[in-house]
Amino acid sequence: MEIRPYRPADCRQIARLFYSTVHTVCAKDYAPRQLNAWADGKTDLQGWNRSFLRHRTLVAEENGRIIGFGDITREGYLDRLYVHRSFQGRGVGTALCSRLEQFAAQAHRITTHASITARPFFLQRGYHTVRMQWVVRKGVVLNNYLMEKSTGFSKKPKV
């Protein structure tokens with residue numbers, strides 16, 4: 001597995017991975033109606049590309065195939081982290097998340113909105129649950145968790 005920076009040519013394949021992952025990996029925790037509201041297969045590729053280019057976005061690739069991706073802001077907001085269903089439990093998410101967290105290491109904390117499915121992964125990485133929340137997507141209610149992790153970085157005051 002190679003982890004590399006995102007390239008705009010990756011966007012379409014990432015959108016397919018996102019849709020597939022949501023509809024398979026998350027299916028045990030969300031109803032079909034919720035999955036369709038979360039990932040309807042009509043990703044705004046231009047919008048995602050702009051977002052990926054503004055954030056630190058990494059792609060995990062194996063034999064030329066994207067098997068995972070994630071993005072984070074310099075301020076420490078971990079926006080997306082998804083791993084292909086066939087590569088779950090193989091350290092792909094861990095490797096991506098570790099590199100993304102390093103990028104934002106000077107932020108006071110890292111925050112994310114974790115799905116029911118992803119919550120145990122983040123708990124194992126030292127995140128704690130701030131609160132459960134209910135979000136509405138396309139008129140459908142889904143729950144997720146606001147989670148955060150301290151980076152241990154503290155800015156020393158100027159004297």
# chains A, B, ... in the order shown; residues from 1 in each chain; ligands from 1
>>> residues_around(residues="Gln88 of chain A", least_positions_apart="5", cutoff="12 Å", atoms="only C-alpha atoms", output="MDAnalysis selection string")
chainID A and resid 21 24:26 67:68 82:83 93:94 117:118 121
>>> select_by_dssp(residues="segment 8-121 of chain A", states="helix (DSSP H, G or I)", output="PyMOL selection string")
chain A and resi 8-28+32-38+45-54+85-87+92-103+119-121
>>> write_last_selection(atoms="C-alpha atoms", output="mmCIF file, in the first residue's frame")
data_model
loop_
_atom_site.group_PDB
_atom_site.id
_atom_site.type_symbol
_atom_site.label_atom_id
_atom_site.label_comp_id
_atom_site.auth_asym_id
_atom_site.auth_seq_id
_atom_site.Cartn_x
_atom_site.Cartn_y
_atom_site.Cartn_z
ATOM 1 C CA PRO A 8 -7.786 15.912 -9.064
ATOM 2 C CA ALA A 9 -7.843 12.878 -11.373
ATOM 3 C CA ASP A 10 -8.654 10.769 -8.260
ATOM 4 C CA CYS A 11 -11.974 12.455 -7.540
ATOM 5 C CA ARG A 12 -14.282 10.229 -9.605
ATOM 6 C CA GLN A 13 -12.767 7.006 -8.209
ATOM 7 C CA ILE A 14 -12.951 8.419 -4.662
ATOM 8 C CA ALA A 15 -16.639 9.258 -5.139
ATOM 9 C CA ARG A 16 -17.326 5.660 -6.206
ATOM 10 C CA LEU A 17 -15.393 4.331 -3.197
ATOM 11 C CA PHE A 18 -17.357 6.655 -0.892
ATOM 12 C CA TYR A 19 -20.718 5.476 -2.251
ATOM 13 C CA SER A 20 -19.754 1.812 -2.124
ATOM 14 C CA THR A 21 -18.325 2.043 1.392
ATOM 15 C CA VAL A 22 -21.342 3.830 2.817
ATOM 16 C CA HIS A 23 -23.752 1.338 1.225
ATOM 17 C CA THR A 24 -21.875 -1.777 2.348
ATOM 18 C CA VAL A 25 -19.767 -1.111 5.443
ATOM 19 C CA CYS A 26 -22.304 1.201 7.098
ATOM 20 C CA ALA A 27 -25.357 -0.888 6.146
ATOM 21 C CA LYS A 28 -25.325 -2.687 9.495
ATOM 22 C CA PRO A 32 -31.382 1.893 3.382
ATOM 23 C CA ARG A 33 -33.230 5.218 3.343
ATOM 24 C CA GLN A 34 -30.503 6.757 5.528
ATOM 25 C CA LEU A 35 -27.725 5.321 3.366
ATOM 26 C CA ASN A 36 -29.343 6.789 0.253
ATOM 27 C CA ALA A 37 -29.617 10.207 1.896
ATOM 28 C CA TRP A 38 -25.969 10.059 3.004
ATOM 29 C CA LEU A 45 -17.235 16.194 -8.089
ATOM 30 C CA GLN A 46 -16.238 19.824 -8.616
ATOM 31 C CA GLY A 47 -17.192 20.696 -5.049
ATOM 32 C CA TRP A 48 -15.375 17.688 -3.625
ATOM 33 C CA ASN A 49 -12.290 18.457 -5.716
ATOM 34 C CA ARG A 50 -12.224 22.060 -4.432
ATOM 35 C CA SER A 51 -12.588 20.800 -0.875
ATOM 36 C CA PHE A 52 -9.869 18.170 -1.298
ATOM 37 C CA LEU A 53 -7.497 20.781 -2.710
ATOM 38 C CA ARG A 54 -8.142 23.176 0.215
ATOM 39 C CA ARG A 85 -15.021 -2.544 1.985
ATOM 40 C CA SER A 86 -12.513 -5.178 0.825
ATOM 41 C CA PHE A 87 -9.689 -3.498 2.762
ATOM 42 C CA VAL A 92 -5.534 1.390 5.786
ATOM 43 C CA GLY A 93 -7.696 3.702 7.896
ATOM 44 C CA THR A 94 -5.111 3.708 10.682
ATOM 45 C CA ALA A 95 -2.303 4.670 8.305
ATOM 46 C CA LEU A 96 -4.341 7.420 6.657
ATOM 47 C CA CYS A 97 -5.610 8.810 9.953
ATOM 48 C CA SER A 98 -2.134 8.856 11.521
ATOM 49 C CA ARG A 99 -0.705 10.843 8.618
ATOM 50 C CA LEU A 100 -3.647 13.246 8.605
ATOM 51 C CA GLU A 101 -3.374 13.804 12.350
ATOM 52 C CA GLN A 102 0.349 14.558 11.958
ATOM 53 C CA PHE A 103 -0.507 17.255 9.438
ATOM 54 C CA ARG A 119 -17.096 5.577 16.225
ATOM 55 C CA PRO A 120 -15.274 2.480 17.605
ATOM 56 C CA PHE A 121 -12.311 3.185 15.288
#
>>> select_by_dssp(residues="segment 4-157 of chain A", states="strand (DSSP E or B)", output="NGL selection string")
:A and (4-5 or 56-62 or 65-72 or 77-83 or 109-115 or 128-137 or 140-150)
>>> write_last_selection(atoms="C-alpha atoms", output="PDB file, in the first residue's frame")
ATOM      1  CA  ARG A   4       0.176   9.687  -1.476  1.00  0.00           C
ATOM      2  CA  PRO A   5      -1.273  13.168  -1.871  1.00  0.00           C
ATOM      3  CA  ARG A  56      -4.676  18.003   3.274  1.00  0.00           C
ATOM      4  CA  THR A  57      -6.044  15.033   1.360  1.00  0.00           C
ATOM      5  CA  LEU A  58      -4.341  11.663   1.190  1.00  0.00           C
ATOM      6  CA  VAL A  59      -5.105   8.607  -0.895  1.00  0.00           C
ATOM      7  CA  ALA A  60      -4.200   4.998  -0.093  1.00  0.00           C
ATOM      8  CA  GLU A  61      -3.470   3.054  -3.245  1.00  0.00           C
ATOM      9  CA  GLU A  62      -2.636  -0.554  -3.965  1.00  0.00           C
ATOM     10  CA  ARG A  65      -6.383   1.149  -7.240  1.00  0.00           C
ATOM     11  CA  ILE A  66      -7.582   3.627  -4.609  1.00  0.00           C
ATOM     12  CA  ILE A  67      -8.458   1.682  -1.458  1.00  0.00           C
ATOM     13  CA  GLY A  68      -8.980   4.577   0.942  1.00  0.00           C
ATOM     14  CA  PHE A  69      -8.854   8.327   1.346  1.00  0.00           C
ATOM     15  CA  GLY A  70      -9.145  11.016   3.962  1.00  0.00           C
ATOM     16  CA  ASP A  71      -8.863  14.762   4.392  1.00  0.00           C
ATOM     17  CA  ILE A  72      -8.232  17.184   7.222  1.00  0.00           C
ATOM     18  CA  TYR A  77     -11.174  19.141  11.343  1.00  0.00           C
ATOM     19  CA  LEU A  78     -11.012  15.571   9.989  1.00  0.00           C
ATOM     20  CA  ASP A  79     -13.664  15.827   7.292  1.00  0.00           C
ATOM     21  CA  ARG A  80     -13.695  12.441   5.550  1.00  0.00           C
ATOM     22  CA  LEU A  81     -12.038   9.057   6.112  1.00  0.00           C
ATOM     23  CA  TYR A  82     -13.226   6.084   4.089  1.00  0.00           C
ATOM     24  CA  VAL A  83     -11.726   2.672   3.319  1.00  0.00           C
ATOM     25  CA  ARG A 109      -7.397  19.312  19.008  1.00  0.00           C
ATOM     26  CA  ILE A 110      -8.703  17.236  16.139  1.00  0.00           C
ATOM     27  CA  THR A 111     -12.457  16.968  15.653  1.00  0.00           C
ATOM     28  CA  THR A 112     -14.601  14.791  13.437  1.00  0.00           C
ATOM     29  CA  HIS A 113     -18.221  13.820  12.919  1.00  0.00           C
ATOM     30  CA  ALA A 114     -18.086  10.032  13.173  1.00  0.00           C
ATOM     31  CA  SER A 115     -20.767   7.670  11.979  1.00  0.00           C
ATOM     32  CA  HIS A 128     -13.716  10.885  22.958  1.00  0.00           C
ATOM     33  CA  THR A 129     -17.352  11.504  22.237  1.00  0.00           C
ATOM     34  CA  VAL A 130     -18.393  15.107  22.784  1.00  0.00           C
ATOM     35  CA  ARG A 131     -22.031  14.387  21.971  1.00  0.00           C
ATOM     36  CA  MET A 132     -24.350  12.305  19.867  1.00  0.00           C
ATOM     37  CA  GLN A 133     -26.107  14.403  17.273  1.00  0.00           C
ATOM     38  CA  TRP A 134     -28.948  14.076  14.823  1.00  0.00           C
ATOM     39  CA  VAL A 135     -28.402  15.474  11.350  1.00  0.00           C
ATOM     40  CA  VAL A 136     -30.883  15.811   8.520  1.00  0.00           C
ATOM     41  CA  ARG A 137     -29.780  14.937   5.007  1.00  0.00           C
ATOM     42  CA  VAL A 140     -33.830  11.991   6.400  1.00  0.00           C
ATOM     43  CA  VAL A 141     -32.551  11.919   9.978  1.00  0.00           C
ATOM     44  CA  LEU A 142     -29.229  10.195  10.699  1.00  0.00           C
ATOM     45  CA  ASN A 143     -27.281  10.151  13.907  1.00  0.00           C
ATOM     46  CA  ASN A 144     -23.554  10.521  14.304  1.00  0.00           C
ATOM     47  CA  TYR A 145     -21.089  11.638  16.956  1.00  0.00           C
ATOM     48  CA  LEU A 146     -19.044  14.764  17.379  1.00  0.00           C
ATOM     49  CA  MET A 147     -15.690  13.413  18.544  1.00  0.00           C
ATOM     50  CA  GLU A 148     -12.417  15.053  19.409  1.00  0.00           C
ATOM     51  CA  LYS A 149      -8.868  14.231  20.365  1.00  0.00           C
ATOM     52  CA  SER A 150      -6.310  16.471  22.004  1.00  0.00           C
TER      53      SER A 150
END
>>> atom_distance(atom1="atom CA of Glu75 of chain A", atom2="atom CA of Ala107 of chain A")
5.4 Å
>>> atom_distance(atom1="atom CA of His108 of chain A", atom2="atom CA of Arg74 of chain A")
10.7 Å
>>> atom_distance(atom1="atom CA of Ala104 of chain A", atom2="atom CA of Glu2 of chain A")
20.5 Å
